[in-house]
file structure20.txt (compact mmCIF, C-alpha atoms)
# COMPACT_ATOMS: atom_id res chain seq x y z
CA MET A 1 -36.80 -39.40 -145.17
CA ARG A 2 -35.13 -35.99 -144.92
CA VAL A 3 -38.24 -34.57 -143.24
CA LEU A 4 -38.25 -37.46 -140.75
CA VAL A 5 -34.59 -36.86 -139.82
CA VAL A 6 -35.26 -33.15 -139.27
CA PHE A 7 -38.27 -34.03 -137.09
CA ILE A 8 -36.19 -36.42 -134.96
CA LEU A 9 -33.45 -33.83 -134.52
CA LEU A 10 -36.06 -31.27 -133.51
CA LEU A 11 -37.49 -33.62 -130.89
CA SER A 12 -33.97 -34.26 -129.55
CA THR A 13 -33.33 -30.51 -129.27
CA VAL A 14 -36.61 -29.98 -127.41
CA ALA A 15 -35.81 -32.85 -125.01
CA GLN A 16 -32.39 -31.38 -124.26
CA ALA A 17 -33.94 -27.96 -123.66
CA GLN A 18 -36.25 -29.48 -121.05
CA ILE A 19 -33.40 -30.83 -118.90
CA ASP A 20 -33.29 -28.92 -115.58
CA LYS A 21 -30.32 -30.69 -113.96
CA SER A 22 -27.42 -32.49 -115.67
CA PHE A 23 -24.78 -34.55 -113.89
CA TYR A 24 -21.62 -36.06 -115.37
CA ILE A 25 -20.32 -39.07 -113.42
CA ILE A 26 -17.27 -41.21 -114.17
CA ALA A 27 -17.02 -44.87 -113.07
CA ARG A 28 -13.53 -45.86 -111.90
CA ASN A 29 -11.92 -49.11 -110.73
CA THR A 30 -8.58 -47.65 -109.67
CA GLY A 31 -9.17 -45.56 -106.55
CA GLU A 32 -7.32 -45.70 -103.23
CA GLN A 33 -8.75 -45.01 -99.78
CA ILE A 34 -6.77 -44.58 -96.57
CA MET A 35 -8.19 -46.43 -93.58
CA PRO A 36 -7.94 -45.41 -89.89
CA ASN A 37 -4.91 -47.69 -89.38
CA ASP A 38 -3.14 -45.81 -92.25
CA ASP A 39 -3.38 -48.80 -94.58
CA THR A 40 -4.38 -47.99 -98.16
CA ILE A 41 -6.97 -50.18 -99.85
CA ARG A 42 -8.02 -50.47 -103.49
CA VAL A 43 -11.51 -49.09 -104.15
CA MET A 44 -13.93 -48.57 -107.00
CA GLY A 45 -16.03 -45.44 -107.17
CA PHE A 46 -17.66 -42.54 -108.94
CA THR A 47 -15.90 -39.24 -109.65
CA GLU A 48 -16.68 -35.96 -111.42
CA GLU A 49 -13.26 -35.53 -113.06
CA ILE A 50 -11.12 -38.07 -114.90
CA THR A 51 -8.13 -37.14 -112.70
CA ASP A 52 -10.00 -37.49 -109.39
CA ASN A 53 -9.17 -40.33 -107.04
CA ALA A 54 -12.21 -42.59 -106.67
CA LEU A 55 -13.29 -42.36 -103.03
CA PHE A 56 -16.52 -43.42 -101.39
CA PRO A 57 -19.11 -42.08 -101.13
CA GLY A 58 -19.29 -40.57 -104.61
CA PRO A 59 -20.49 -37.05 -105.41
CA THR A 60 -23.77 -36.01 -103.79
CA LEU A 61 -26.39 -35.24 -106.45
CA ILE A 62 -28.77 -32.46 -105.41
CA MET A 63 -31.93 -31.60 -107.32
CA ASN A 64 -35.41 -30.12 -106.80
CA GLU A 65 -38.70 -31.97 -106.93
CA GLY A 66 -40.06 -32.00 -110.46
CA ASP A 67 -36.69 -31.37 -112.12
CA SER A 68 -36.07 -33.20 -115.38
CA VAL A 69 -32.73 -34.84 -114.63
CA GLU A 70 -30.04 -36.24 -116.90
CA ILE A 71 -27.16 -38.30 -115.53
CA GLU A 72 -24.38 -39.20 -117.95
CA LEU A 73 -22.21 -42.09 -116.76
CA PHE A 74 -18.84 -42.48 -118.51
CA ASN A 75 -17.15 -45.80 -117.77
CA PHE A 76 -13.39 -45.39 -117.44
CA SER A 77 -12.80 -48.49 -115.36
CA GLN A 78 -10.57 -50.87 -117.35
CA GLY A 79 -12.78 -53.67 -116.08
CA ALA A 80 -16.38 -54.79 -115.79
CA PRO A 81 -19.24 -52.68 -117.13
CA HIS A 82 -21.03 -50.40 -114.68
CA THR A 83 -24.44 -48.83 -114.18
CA ILE A 84 -26.17 -46.31 -111.94
CA HIS A 85 -29.11 -47.79 -110.06
CA LEU A 86 -31.36 -45.05 -108.65
CA HIS A 87 -32.17 -46.72 -105.34
CA GLY A 88 -35.58 -45.67 -104.02
CA LEU A 89 -36.46 -43.24 -106.81
CA ASP A 90 -39.60 -43.88 -108.83
CA VAL A 91 -38.17 -44.15 -112.33
CA ASP A 92 -39.08 -46.30 -115.31
CA GLN A 93 -37.37 -49.64 -115.83
CA GLU A 94 -35.16 -48.42 -118.70
CA ASN A 95 -33.53 -45.82 -116.42
CA ASP A 96 -33.31 -47.92 -113.26
CA GLY A 97 -29.77 -49.25 -113.84
CA VAL A 98 -30.43 -52.96 -113.31
CA PRO A 99 -28.36 -54.51 -116.17
CA ALA A 100 -30.68 -57.32 -117.25
CA LEU A 101 -33.73 -55.04 -117.29
CA SER A 102 -32.11 -51.74 -118.27
CA PHE A 103 -28.62 -51.50 -119.81
CA GLU A 104 -24.98 -51.64 -118.78
CA ILE A 105 -22.13 -49.41 -119.90
CA PRO A 106 -18.84 -51.00 -121.11
CA HIS A 107 -15.39 -49.49 -120.63
CA LEU A 108 -14.82 -46.20 -122.54
CA GLU A 109 -18.53 -45.82 -123.32
CA SER A 110 -21.22 -43.51 -121.95
CA GLY A 111 -24.82 -44.12 -120.96
CA PHE A 112 -27.60 -41.69 -120.08
CA TYR A 113 -30.27 -41.89 -117.39
CA TYR A 114 -33.35 -39.66 -117.55
CA PHE A 115 -35.98 -39.19 -114.86
CA LYS A 116 -38.14 -36.61 -113.14
CA ALA A 117 -37.05 -35.94 -109.54
CA PRO A 118 -39.63 -37.46 -107.16
CA HIS A 119 -40.79 -36.52 -103.68
CA PRO A 120 -38.19 -34.60 -101.62
CA GLY A 121 -36.00 -36.77 -99.42
CA ALA A 122 -32.79 -38.80 -99.32
CA TYR A 123 -32.02 -41.52 -101.86
CA LEU A 124 -29.08 -43.69 -102.92
CA TYR A 125 -27.36 -44.43 -106.19
CA HIS A 126 -25.00 -47.34 -106.76
CA CYS A 127 -23.68 -49.68 -109.42
CA HIS A 128 -25.91 -52.71 -109.95
CA VAL A 129 -23.35 -54.83 -111.85
CA ALA A 130 -22.19 -57.62 -109.50
CA SER A 131 -23.60 -55.26 -106.87
CA PRO A 132 -22.30 -57.01 -103.72
CA ILE A 133 -18.75 -56.49 -105.02
CA HIS A 134 -19.17 -53.09 -106.66
CA VAL A 135 -21.05 -51.53 -103.74
CA GLN A 136 -18.52 -52.94 -101.26
CA GLY A 137 -15.85 -51.61 -103.59
CA GLY A 138 -17.21 -48.09 -103.11
CA MET A 139 -19.54 -47.44 -106.06
CA PHE A 140 -22.30 -45.56 -104.25
CA GLY A 141 -23.43 -42.06 -103.39
CA VAL A 142 -26.29 -39.91 -102.10
CA ILE A 143 -29.12 -38.23 -103.98
CA LEU A 144 -30.93 -35.37 -102.21
CA VAL A 145 -34.20 -34.05 -103.56
CA ARG A 146 -35.26 -30.60 -102.31
CA PRO A 147 -38.72 -29.05 -102.60
CA ALA A 148 -39.68 -27.63 -105.99
CA ASP A 149 -38.73 -24.09 -104.95
CA GLY A 150 -35.38 -25.19 -103.47
CA SER A 151 -36.30 -23.79 -100.05
CA GLN A 152 -34.99 -25.01 -96.70
CA THR A 153 -38.11 -27.04 -96.13
CA THR A 154 -38.30 -30.82 -95.84
CA TRP A 155 -40.98 -30.92 -98.55
CA ASP A 156 -43.71 -28.63 -99.86
CA GLY A 157 -45.87 -27.86 -96.83
CA GLY A 158 -43.38 -29.68 -94.57
CA TYR A 159 -41.01 -28.56 -91.83
CA ASP A 160 -38.65 -25.60 -92.07
CA TYR A 161 -35.03 -26.14 -91.07
CA ASP A 162 -31.89 -24.03 -90.60
CA VAL A 163 -29.03 -26.49 -91.22
CA THR A 164 -28.75 -29.87 -92.90
CA THR A 165 -26.34 -32.84 -92.88
CA SER A 166 -26.28 -36.29 -94.50
CA LEU A 167 -24.74 -39.36 -92.88
CA ILE A 168 -24.22 -42.50 -94.98
CA MET A 169 -23.05 -45.68 -93.29
CA ASN A 170 -21.26 -48.76 -94.66
CA GLU A 171 -18.66 -51.34 -93.66
CA VAL A 172 -15.38 -52.40 -95.25
CA ASP A 173 -13.94 -55.89 -95.49
CA THR A 174 -10.44 -55.28 -96.85
CA VAL A 175 -10.24 -58.82 -98.27
CA TRP A 176 -12.94 -57.80 -100.75
CA HIS A 177 -10.71 -54.94 -101.93
CA ASN A 178 -7.93 -57.14 -103.32
CA ASP A 179 -7.42 -57.19 -107.08
CA THR A 180 -8.67 -60.78 -107.23
CA ILE A 181 -12.12 -59.53 -106.17
CA ILE A 182 -12.32 -56.02 -107.62
CA LYS A 183 -10.83 -57.11 -110.98
CA HIS A 184 -13.27 -60.01 -111.29
CA ASP A 185 -14.05 -61.64 -114.60
CA TYR A 186 -17.30 -60.59 -116.24
CA ASP A 187 -18.95 -62.12 -119.30
CA THR A 188 -21.12 -59.49 -121.01
CA SER A 189 -22.82 -62.18 -123.08
CA MET A 190 -24.31 -63.76 -119.95
CA THR A 191 -27.50 -62.55 -118.26
CA MET A 192 -26.05 -63.64 -114.91
CA ASN A 193 -22.43 -64.10 -113.86
CA MET A 194 -21.37 -66.47 -111.08
CA ILE A 195 -18.55 -64.83 -109.10
CA GLU A 196 -17.07 -66.50 -106.05
CA ILE A 197 -16.82 -64.13 -103.08
CA PRO A 198 -15.23 -64.64 -99.65
CA LYS A 199 -17.05 -64.62 -96.33
CA TYR A 200 -18.00 -61.10 -95.32
CA GLU A 201 -16.06 -60.09 -92.19
CA PRO A 202 -15.70 -56.28 -92.10
CA GLN A 203 -12.86 -54.73 -90.11
CA PHE A 204 -13.85 -51.07 -90.56
CA PHE A 205 -17.15 -49.31 -89.99
CA MET A 206 -17.61 -46.08 -91.88
CA VAL A 207 -19.61 -42.84 -91.82
CA ASN A 208 -19.30 -40.71 -94.96
CA GLY A 209 -16.19 -42.71 -95.88
CA LEU A 210 -14.48 -42.09 -92.52
CA SER A 211 -14.01 -44.10 -89.34
CA GLU A 212 -12.61 -43.79 -85.81
CA ASN A 213 -9.86 -41.14 -85.56
CA GLN A 214 -10.62 -39.97 -89.11
CA ILE A 215 -13.99 -38.65 -87.93
CA ALA A 216 -12.41 -36.68 -85.09
CA ASP A 217 -9.76 -35.27 -87.44
CA SER A 218 -12.30 -34.18 -90.06
CA ASN A 219 -15.16 -31.73 -90.38
CA LEU A 220 -17.69 -34.57 -90.19
CA MET A 221 -20.28 -33.32 -87.70
CA VAL A 222 -23.79 -32.03 -87.38
CA SER A 223 -22.94 -28.34 -87.14
CA THR A 224 -25.75 -26.26 -85.66
CA SER A 225 -26.49 -23.36 -83.32
CA VAL A 226 -28.69 -22.90 -80.26
CA GLY A 227 -32.35 -22.85 -81.30
CA ALA A 228 -31.66 -23.89 -84.89
CA VAL A 229 -33.60 -26.74 -86.48
CA ALA A 230 -31.17 -29.37 -87.82
CA TYR A 231 -32.36 -31.66 -90.62
CA VAL A 232 -30.32 -34.88 -90.80
CA GLN A 233 -30.60 -37.47 -93.57
CA LEU A 234 -29.52 -40.99 -92.55
CA LEU A 235 -28.66 -43.62 -95.17
CA ASN A 236 -27.43 -47.23 -94.87
CA ILE A 237 -25.61 -48.70 -97.90
CA GLY A 238 -23.85 -51.43 -95.87
CA ASN A 239 -24.75 -55.03 -95.08
CA TYR A 240 -25.24 -54.49 -91.35
CA ALA A 241 -28.11 -52.76 -89.57
CA ASN A 242 -27.40 -49.40 -87.97
CA ARG A 243 -28.82 -48.31 -84.64
CA LEU A 244 -28.36 -44.58 -84.18
CA VAL A 245 -28.78 -43.16 -80.68
CA PHE A 246 -29.08 -39.38 -80.60
CA PRO A 247 -28.42 -37.34 -77.45
CA SER A 248 -31.61 -36.68 -75.49
CA GLU A 249 -30.87 -32.94 -75.69
CA PHE A 250 -31.42 -33.07 -79.46
CA GLY A 251 -35.11 -33.95 -79.12
CA THR A 252 -34.99 -36.21 -82.18
CA GLN A 253 -38.11 -36.26 -84.35
CA ILE A 254 -38.29 -38.95 -87.05
CA ILE A 255 -40.25 -37.41 -89.91
CA SER A 256 -39.81 -39.64 -92.98
CA SER A 257 -38.59 -42.98 -94.28
CA ASP A 258 -37.37 -43.91 -97.77
CA GLY A 259 -38.47 -40.58 -99.24
CA ARG A 260 -41.99 -40.68 -97.81
CA PRO A 261 -43.22 -38.55 -94.87
CA PHE A 262 -44.75 -40.21 -91.83
CA PRO A 263 -48.42 -39.39 -91.12
CA SER A 264 -47.26 -38.03 -87.77
CA VAL A 265 -43.88 -37.29 -86.19
CA GLU A 266 -42.30 -40.08 -84.15
CA VAL A 267 -40.27 -38.79 -81.22
CA SER A 268 -37.43 -41.15 -80.32
CA ASP A 269 -33.72 -40.85 -79.58
CA THR A 270 -33.13 -44.21 -81.32
CA VAL A 271 -33.39 -44.83 -85.06
CA TRP A 272 -32.91 -48.27 -86.63
CA ILE A 273 -31.83 -48.33 -90.28
CA TYR A 274 -31.51 -51.59 -92.22
CA PRO A 275 -29.50 -52.05 -95.45
CA GLY A 276 -30.77 -49.80 -98.23
CA GLU A 277 -33.07 -47.79 -95.96
CA ARG A 278 -33.11 -44.02 -95.43
CA TYR A 279 -34.60 -42.00 -92.59
CA CYS A 280 -34.78 -38.24 -92.05
CA VAL A 281 -34.88 -36.61 -88.62
CA LEU A 282 -35.14 -33.13 -87.11
CA GLY A 283 -33.64 -31.88 -83.86
CA THR A 284 -32.82 -28.71 -81.93
CA MET A 285 -30.14 -28.03 -79.31
CA ASP A 286 -30.81 -25.52 -76.52
CA ASP A 287 -27.22 -25.02 -75.32
CA GLU A 288 -23.78 -24.64 -76.86
CA GLY A 289 -21.50 -27.64 -76.63
CA ILE A 290 -20.72 -31.01 -78.17
CA GLU A 291 -22.91 -34.08 -77.89
CA MET A 292 -22.49 -37.41 -79.64
CA ILE A 293 -24.56 -39.51 -82.00
CA ASP A 294 -23.70 -43.17 -81.31
CA ILE A 295 -23.92 -45.35 -84.43
CA ASP A 296 -23.99 -49.09 -83.72
CA TYR A 297 -23.23 -51.60 -86.49
CA VAL A 298 -25.33 -54.72 -85.89
CA ASN A 299 -24.51 -58.06 -87.54
CA LEU A 300 -27.83 -59.29 -88.90
CA ASN A 301 -26.72 -62.94 -88.67
CA THR A 302 -25.85 -62.82 -84.97
CA GLY A 303 -27.76 -59.77 -83.73
CA LEU A 304 -24.56 -58.56 -82.08
CA ILE A 305 -23.16 -55.03 -82.14
CA GLU A 306 -19.73 -55.35 -83.77
CA ASP A 307 -18.70 -51.69 -83.65
CA THR A 308 -19.83 -48.23 -82.61
CA GLN A 309 -18.82 -44.98 -84.29
CA GLN A 310 -19.51 -41.50 -82.92
CA VAL A 311 -20.42 -38.37 -84.86
CA PRO A 312 -20.52 -35.09 -82.92
CA ILE A 313 -23.33 -32.58 -82.86
CA VAL A 314 -21.44 -29.29 -82.47
CA THR A 315 -23.66 -26.45 -81.27
CA GLU A 316 -22.03 -23.04 -81.52
CA GLY A 317 -23.65 -19.59 -81.35
CA PHE A 318 -27.34 -18.78 -81.50
CA VAL A 319 -29.66 -19.02 -84.48
CA GLY A 320 -29.81 -15.56 -86.07
CA ASN A 321 -27.07 -14.29 -83.74
CA ASP A 322 -23.70 -16.03 -83.94
CA ILE A 323 -21.92 -13.40 -81.83
CA GLN A 324 -22.97 -14.65 -78.40
CA HIS A 325 -20.85 -17.44 -76.94
CA PRO A 326 -21.59 -17.91 -73.24
CA ARG A 327 -19.82 -21.26 -73.39
CA ARG A 328 -16.11 -21.01 -74.21
CA LEU A 329 -15.20 -24.60 -75.14
CA ALA A 330 -16.14 -28.25 -75.14
CA LEU A 331 -14.20 -31.53 -74.99
CA TRP A 332 -15.04 -34.66 -76.95
CA PRO A 333 -15.09 -37.56 -76.65
CA ASN A 334 -15.46 -37.28 -72.90
CA PRO A 335 -14.82 -39.82 -71.37
CA ALA A 336 -11.69 -40.15 -73.53
CA GLN A 337 -9.15 -42.90 -74.18
CA ASP A 338 -6.16 -41.96 -76.36
CA GLU A 339 -6.99 -38.34 -77.18
CA VAL A 340 -9.65 -35.69 -76.84
CA THR A 341 -10.62 -32.86 -79.18
CA VAL A 342 -10.87 -29.37 -77.70
CA ARG A 343 -13.33 -27.13 -79.56
CA PHE A 344 -13.28 -23.37 -78.81
CA PHE A 345 -16.46 -21.36 -79.40
CA GLY A 346 -16.39 -17.82 -80.72
CA GLU A 347 -12.98 -16.37 -81.60
CA THR A 348 -9.80 -18.41 -81.89
CA PHE A 349 -8.02 -19.05 -78.60
CA SER A 350 -4.49 -18.03 -77.65
CA GLY A 351 -3.03 -18.74 -74.24
CA GLU A 352 -2.09 -21.80 -72.22
CA MET A 353 -3.64 -25.07 -71.17
CA LYS A 354 -2.90 -27.02 -67.99
CA VAL A 355 -4.24 -30.41 -66.95
CA PHE A 356 -4.49 -31.19 -63.21
CA ASN A 357 -5.36 -34.43 -61.48
CA LEU A 358 -7.78 -34.37 -58.55
CA GLN A 359 -4.85 -33.98 -56.13
CA GLY A 360 -4.04 -30.66 -57.80
CA LYS A 361 -0.87 -31.86 -59.48
CA GLU A 362 -0.16 -30.46 -62.95
CA VAL A 363 0.25 -33.38 -65.37
CA GLN A 364 0.21 -31.60 -68.75
CA PHE A 365 0.97 -28.13 -70.09
CA ALA A 366 0.72 -26.63 -73.57
CA LYS A 367 0.92 -23.22 -75.24
CA ILE A 368 -1.92 -22.48 -77.68
CA ILE A 369 -1.73 -19.95 -80.52
CA ASP A 370 -4.79 -18.88 -82.53
CA SER A 371 -6.60 -22.21 -82.37
CA LYS A 372 -10.24 -23.04 -83.00
CA GLN A 373 -9.75 -26.76 -82.40
CA LEU A 374 -6.88 -28.88 -81.12
CA LYS A 375 -6.00 -32.38 -79.91
CA LEU A 376 -5.14 -33.24 -76.32
CA GLU A 377 -3.23 -36.51 -75.95
CA THR A 378 -4.55 -38.58 -73.05
CA ASN A 379 -2.92 -41.97 -73.65
CA GLN A 380 -0.19 -41.16 -71.09
CA LEU A 381 -2.69 -40.27 -68.37
CA GLU A 382 -3.94 -42.79 -65.84
CA SER A 383 -7.65 -43.60 -65.79
CA GLY A 384 -9.60 -41.12 -63.71
CA ALA A 385 -10.91 -37.56 -63.50
CA TYR A 386 -8.93 -34.42 -64.40
CA ILE A 387 -9.49 -30.68 -64.56
CA VAL A 388 -8.37 -28.93 -67.75
CA VAL A 389 -7.70 -25.22 -67.16
CA PHE A 390 -7.41 -22.70 -70.00
CA LYS A 391 -6.06 -19.18 -69.50
CA ASP A 392 -6.13 -16.75 -72.40
CA ASN A 393 -3.65 -13.94 -73.06
CA LEU A 394 -5.98 -11.44 -71.36
CA GLY A 395 -5.86 -13.37 -68.10
CA ASN A 396 -9.34 -14.91 -68.36
CA ALA A 397 -9.42 -18.48 -67.04
CA PHE A 398 -12.00 -21.23 -67.47
CA GLU A 399 -12.01 -24.98 -66.96
CA GLU A 400 -13.61 -28.24 -68.01
CA LYS A 401 -13.75 -31.64 -66.33
CA LEU A 402 -12.19 -34.53 -68.25
CA ILE A 403 -12.65 -38.26 -67.66
CA VAL A 404 -9.97 -40.64 -68.96
CA GLU A 405 -10.89 -44.30 -69.28

call {"tool": "encode", "arguments": {"input": "structure20.txt", "output": "structure tokens"}}
result
Amino acid sequence: MRVLVVFILLLSTVAQAQIDKSFYIIARNTGEQIMPNDDTIRVMGFTEEITDNALFPGPTLIMNEGDSVEIELFNFSQGAPHTIHLHGLDVDQENDGVPALSFEIPHLESGFYYFKAPHPGAYLYHCHVASPIHVQGGMFGVILVRPADGSQTTWDGGYDYDVTTSLIMNEVDTVWHNDTIIKHDYDTSMTMNMIEIPKYEPQFFMVNGLSENQIADSNLMVSTSVGAVAYVQLLNIGNYANRLVFPSEFGTQIISSDGRPFPSVEVSDTVWIYPGERYCVLGTMDDEGIEMIDIDYVNLNTGLIEDTQQVPIVTEGFVGNDIQHPRRLALWPNPAQDEVTVRFFGETFSGEMKVFNLQGKEVQFAKIIDSKQLKLETNQLESGAYIVVFKDNLGNAFEEKLIVE
């Protein structure tokens, strides 16, 4: 018996030594997320530290193809058990995170998931316990698999790229975030639990956990430079379909779906993504400036677009040479409604800004000190066209046309 114990311990030590990537994830039921209207809602989620606020999406897990991966999930949720379902990854049933077929992790206990990282691409992870509630609550995140050598290539023998960004879309129905839903009863002795849920009527439509003015106020963008190849991973964890319309200048090439490359590149400015799907695209901008990705949220019951969010593609500098900035600034969104973001290219800007209507009357004035980006309020302006003139402290002047709706 003693020899057997030593042999088992030896096997365990060898298995641990073979782990290439380890992740420690904590399941929480007590997070708070601020919405665009400044309301705070209760959320569930995954964190890396016990003191972190649970926000969605959870931490992005990055690994290389062929890595032996270990994910430890510690459940500190004061509620239902949780799991990690590895959505789209080819893993064995024991490590797939579906409670009835795998295992679930009760409060104050840990569980371990082991797998070998599959083909490079974008994948999802989420809790599969009462998954409509827990995913809506915020228990999801992104898994990115790089090539085996970790290079900036889509996959071994694939396409080279210069910059990369992930966009994950979902919706929020705040009614589902009340304690009566999130703190639902759960009987661990039952294979299936019947939980009554309200009608799904989302009020907010999110990209990377942000929406509306939050996107404009954040660093959420596809940041690239002239001539650079941008690699964008698109993921839908919501209940609506997403229709993404890229600017024609981007030259969007759809190269893979659900972690598998297409036999040939599909060139299209429009990408449809249904719940649980992932697509990867490439694109290149040939001029500095700001263009928008329009993301429509389509109700699959009615076929109607219920909301549209915009994510900017900000192109600044030139690939391999970030010094040149022939374009000084860009405005977005343009046309604008309540406000517009001014983005300066190159060095920070100091000087003054004046807004003129088409009759030449000055309608706004502001002093600017060492700014890279600022907000221009437009809600007091009448609908129509305006000229925004910037003059720096050296006397150089330049202008942009602004449309207010």

call {"tool": "residues_around", "arguments": {"input": "structure20.txt", "residues": "Val281 in chain A", "least_positions_apart": "5", "cutoff": "7 Å", "atoms": "all atoms listed in the file", "output": "list in words"}}
result
Tyr231, Val232, Gln233, Thr252, Gln253, Ile254 and Ile255 of chain A

call {"tool": "closest_residue", "arguments": {"input": "structure20.txt", "among": "A:Gly138, A:Gly303, A:Gly395, A:Gly289", "to": "Ile41 in chain A", "atoms": "all atoms listed in the file"}}
result
A:Gly138

call {"tool": "residues_near_point", "arguments": {"input": "structure20.txt", "point": "(-10.3, -42.0, -85.8)", "cutoff": "12 Å", "atoms": "all atoms listed in the file", "output": "PyMOL selection string"}}
result
chain A and resi 34-38+204-207+209-218+220+308-311+333+337-341

call {"tool": "residues_around", "arguments": {"input": "structure20.txt", "residues": "range 169-180 of chain A", "least_positions_apart": "5", "cutoff": "8 Å", "atoms": "only C-alpha atoms", "output": "PyMOL selection string"}}
result
chain A and resi 41-43+133+136-137+197-198+200-209+235-240+242

call {"tool": "write_last_selection", "arguments": {"input": "structure20.txt", "atoms": "C-alpha atoms", "output": "compact mmCIF listing (two decimals), keeping the file's coordinate frame"}}
result
# COMPACT_ATOMS: atom_id res chain seq x y z
CA ILE A 41 -6.97 -50.18 -99.85
CA ARG A 42 -8.02 -50.47 -103.49
CA VAL A 43 -11.51 -49.09 -104.15
CA ILE A 133 -18.75 -56.49 -105.02
CA GLN A 136 -18.52 -52.94 -101.26
CA GLY A 137 -15.85 -51.61 -103.59
CA ILE A 197 -16.82 -64.13 -103.08
CA PRO A 198 -15.23 -64.64 -99.65
CA TYR A 200 -18.00 -61.10 -95.32
CA GLU A 201 -16.06 -60.09 -92.19
CA PRO A 202 -15.70 -56.28 -92.10
CA GLN A 203 -12.86 -54.73 -90.11
CA PHE A 204 -13.85 -51.07 -90.56
CA PHE A 205 -17.15 -49.31 -89.99
CA MET A 206 -17.61 -46.08 -91.88
CA VAL A 207 -19.61 -42.84 -91.82
CA ASN A 208 -19.30 -40.71 -94.96
CA GLY A 209 -16.19 -42.71 -95.88
CA LEU A 235 -28.66 -43.62 -95.17
CA ASN A 236 -27.43 -47.23 -94.87
CA ILE A 237 -25.61 -48.70 -97.90
CA GLY A 238 -23.85 -51.43 -95.87
CA ASN A 239 -24.75 -55.03 -95.08
CA TYR A 240 -25.24 -54.49 -91.35
CA ASN A 242 -27.40 -49.40 -87.97

call {"tool": "residues_near_point", "arguments": {"input": "structure20.txt", "point": "(-14.5, -49.1, -125.6)", "cutoff": "10 Å", "atoms": "all atoms listed in the file", "output": "mmCIF file with C-alpha atoms, in the frame of the given file"}}
result
data_model
loop_
_atom_site.group_PDB
_atom_site.id
_atom_site.type_symbol
_atom_site.label_atom_id
_atom_site.label_comp_id
_atom_site.auth_asym_id
_atom_site.auth_seq_id
_atom_site.Cartn_x
_atom_site.Cartn_y
_atom_site.Cartn_z
ATOM 1 C CA ASN A 75 -17.150 -45.800 -117.770
ATOM 2 C CA PHE A 76 -13.390 -45.390 -117.440
ATOM 3 C CA GLN A 78 -10.570 -50.870 -117.350
ATOM 4 C CA ILE A 105 -22.130 -49.410 -119.900
ATOM 5 C CA PRO A 106 -18.840 -51.000 -121.110
ATOM 6 C CA HIS A 107 -15.390 -49.490 -120.630
ATOM 7 C CA LEU A 108 -14.820 -46.200 -122.540
ATOM 8 C CA GLU A 109 -18.530 -45.820 -123.320
ATOM 9 C CA SER A 110 -21.220 -43.510 -121.950
#

call {"tool": "closest_residue", "arguments": {"input": "structure20.txt", "among": "A:Ser225, A:Glu377, A:Gln33, A:Gly97", "to": "Thr164 in chain A", "atoms": "all atoms listed in the file"}}
result
A:Ser225

call {"tool": "atom_distance", "arguments": {"input": "structure20.txt", "atom1": "CA of Phe262 in chain A", "atom2": "CA of Val319 in chain A"}}
result
27.0 Å

call {"tool": "residues_around", "arguments": {"input": "structure20.txt", "residues": "Phe344 in chain A", "least_positions_apart": "6", "cutoff": "6 Å", "atoms": "all atoms listed in the file", "output": "mmCIF file with C-alpha atoms, in the frame of the given file"}}
result
data_model
loop_
_atom_site.group_PDB
_atom_site.id
_atom_site.type_symbol
_atom_site.label_atom_id
_atom_site.label_comp_id
_atom_site.auth_asym_id
_atom_site.auth_seq_id
_atom_site.Cartn_x
_atom_site.Cartn_y
_atom_site.Cartn_z
ATOM 1 C CA ARG A 328 -16.110 -21.010 -74.210
ATOM 2 C CA LEU A 329 -15.200 -24.600 -75.140
ATOM 3 C CA LYS A 372 -10.240 -23.040 -83.000
#

call {"tool": "residues_around", "arguments": {"input": "structure20.txt", "residues": "range 143-147 of chain A", "least_positions_apart": "5", "cutoff": "8 Å", "atoms": "all atoms listed in the file", "output": "PyMOL selection string"}}
result
chain A and resi 60-65+117-125+152-156

call {"tool": "atom_distance", "arguments": {"input": "structure20.txt", "atom1": "CA of His134 in chain A", "atom2": "CA of Ser77 in chain A"}}
result
11.7 Å
